[in-house]
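Colleague: There's a structure below that I have some questions on.
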Amino acid sequence: MLTDLVQIRRLAEANEDEYVAFRRHLSAHHPPPHLLHLIAALVQREIDCTACANCCRQTRVEVKPEEVQAIAAHLNSRLEDVLHLYTEDDPVEHKLLLRHSAGQCVFLDGNLCMIYEARPRSCREFPHLTLDHESLGSRLSSVCRNAWLCPIVFNTLELFKRELGFPRHH
């Protein structure tokens, strides 16, 4: 399994045309998502997210009011303090987001989440590859766009292409 983020990004960018062709292939052929879910589950067992935490640096997390309340309870803080210190409004999409500080989620300490037990749903479900509901895994073509972000996504995608017999473009 490939886990080096620099190498993954380089390969994902170099194979961008292949990923576009694969997205088209997925849209035209609709392979069963259970195969992707199975591969992703195997890959997730092999890769330690705490060795990476790139998702906490590269993505923004929307939080729902009940999630902010759970974070406040976990931190033993007032809801108003959590809202003020740890969230911000997205001016474009008008959503409440976890604040980013120094290029990463405000709750990231090294590669560990300081609110792991109370983390928002989207964090708990990332990388969304083993779920059947509204997630990345339920939209197979979306996987290709996120190959650079996460070693689990990248390796799952590469194994999925191989399993489907998708021809490599060089």
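Letters for chains follow the order of the structure tokens (A, B, ...), residue numbers begin at 1 for each chain, and ligand numbers begin at 1 in the order shown.
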Show me, as a PyMOL selection string, the residues that have an atom within 12 Å of Gln44 in chain A when counting only C-alpha atoms, minus same-chain residues fewer than 3 positions from it.
Modeller: chain A and resi 1+3+36-41+47-50+125-130+150-156
Colleague: Per residue of range 98-127 of chain A within 12 Å of range 64-81 of chain A, note the shortest atom pair and the distance in Å to one decimal, counting only C-alpha atoms, and order the rows by chain and increasing residue number, as CSV.
Modeller:
residue,atom,partner,partner_atom,distance
A:Leu98,CA,A:Val68,CA,9.2
A:Phe107,CA,A:Ile71,CA,10.5
A:Cys113,CA,A:Ile71,CA,11.9
A:Met114,CA,A:Leu75,CA,9.4
A:Ile115,CA,A:Ile71,CA,6.9
A:Tyr116,CA,A:Ile71,CA,9.5
A:Glu117,CA,A:His74,CA,7.8
A:Ala118,CA,A:Ile71,CA,5.5
A:Arg119,CA,A:Ile71,CA,7.1
A:Pro120,CA,A:Glu67,CA,5.8
A:Arg121,CA,A:Glu67,CA,7.9
A:Ser122,CA,A:Lys64,CA,10.3
A:Cys123,CA,A:Glu67,CA,11.1
A:Arg124,CA,A:Glu67,CA,11.7
Colleague: Counting only C-alpha atoms, which of A:His100, A:Tyr86, A:Phe22, A:Asp17 gets nearest to Arg60 in chain A?
Modeller: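 Selected residue with least distance to Arg60 in chain A: A:His100.
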Colleague: May I have all residues of range 32-120 of chain A that DSSP, computed from the backbone, assigns to strand (DSSP E or B), given as an NGL selection string?
Modeller: :A and (62 or 87-89 or 96-98 or 100-101 or 104-105 or 108-109 or 112-113)
Colleague: Those same residues - N, CA and C atoms - I'd like them written as a CSV table (one decimal), in the first residue's frame.
Modeller:
chain,number,residue,atom,x,y,z
A,62,GLU,N,-18.3,20.8,7.8
A,62,GLU,CA,-19.5,21.4,8.3
A,62,GLU,C,-20.0,20.7,9.5
A,87,THR,N,-15.6,27.5,15.7
A,87,THR,CA,-16.4,27.4,14.4
A,87,THR,C,-16.3,28.8,13.7
A,88,GLU,N,-16.7,28.7,12.4
A,88,GLU,CA,-16.8,30.0,11.6
A,88,GLU,C,-17.9,29.7,10.5
A,89,ASP,N,-18.4,30.8,10.1
A,89,ASP,CA,-19.4,30.7,9.0
A,89,ASP,C,-18.7,30.7,7.7
A,96,LEU,N,-22.0,26.4,8.8
A,96,LEU,CA,-21.2,26.5,10.0
A,96,LEU,C,-20.1,25.5,9.8
A,97,LEU,N,-18.8,25.9,9.9
A,97,LEU,CA,-17.7,25.0,9.7
A,97,LEU,C,-16.8,25.0,10.9
A,98,LEU,N,-16.1,23.9,11.1
A,98,LEU,CA,-15.0,23.9,12.1
A,98,LEU,C,-13.9,24.8,11.6
A,100,HIS,N,-10.4,26.5,10.9
A,100,HIS,CA,-9.1,26.0,10.5
A,100,HIS,C,-8.1,27.0,11.1
A,101,SER,N,-7.0,26.6,11.6
A,101,SER,CA,-6.0,27.4,12.2
A,101,SER,C,-4.6,26.8,11.8
A,104,GLN,N,-4.9,23.8,9.3
A,104,GLN,CA,-5.5,22.5,9.7
A,104,GLN,C,-6.7,22.7,10.6
A,105,CYS,N,-7.4,21.7,10.8
A,105,CYS,CA,-8.6,21.8,11.7
A,105,CYS,C,-8.1,22.2,13.1
A,108,LEU,N,-7.0,19.5,15.5
A,108,LEU,CA,-5.9,18.6,15.2
A,108,LEU,C,-4.7,18.9,16.0
A,109,ASP,N,-4.2,17.9,16.7
A,109,ASP,CA,-3.0,18.0,17.5
A,109,ASP,C,-2.0,17.0,17.0
A,112,LEU,N,-3.5,13.7,15.6
A,112,LEU,CA,-4.6,13.2,16.4
A,112,LEU,C,-5.7,14.2,16.7
A,113,CYS,N,-6.9,13.8,16.7
A,113,CYS,CA,-8.1,14.6,16.9
A,113,CYS,C,-8.3,14.8,18.4
Colleague: Enumerate the residues of chain A with a DSSP assignment of helix (DSSP H, G or I), computed from the backbone, and present them as a ChimeraX atom specification.
Modeller: /A:5-14,16-29,33-46,49-51,54-58,65-75,79-86,116-118,121-125,136-138,140-145,151-164
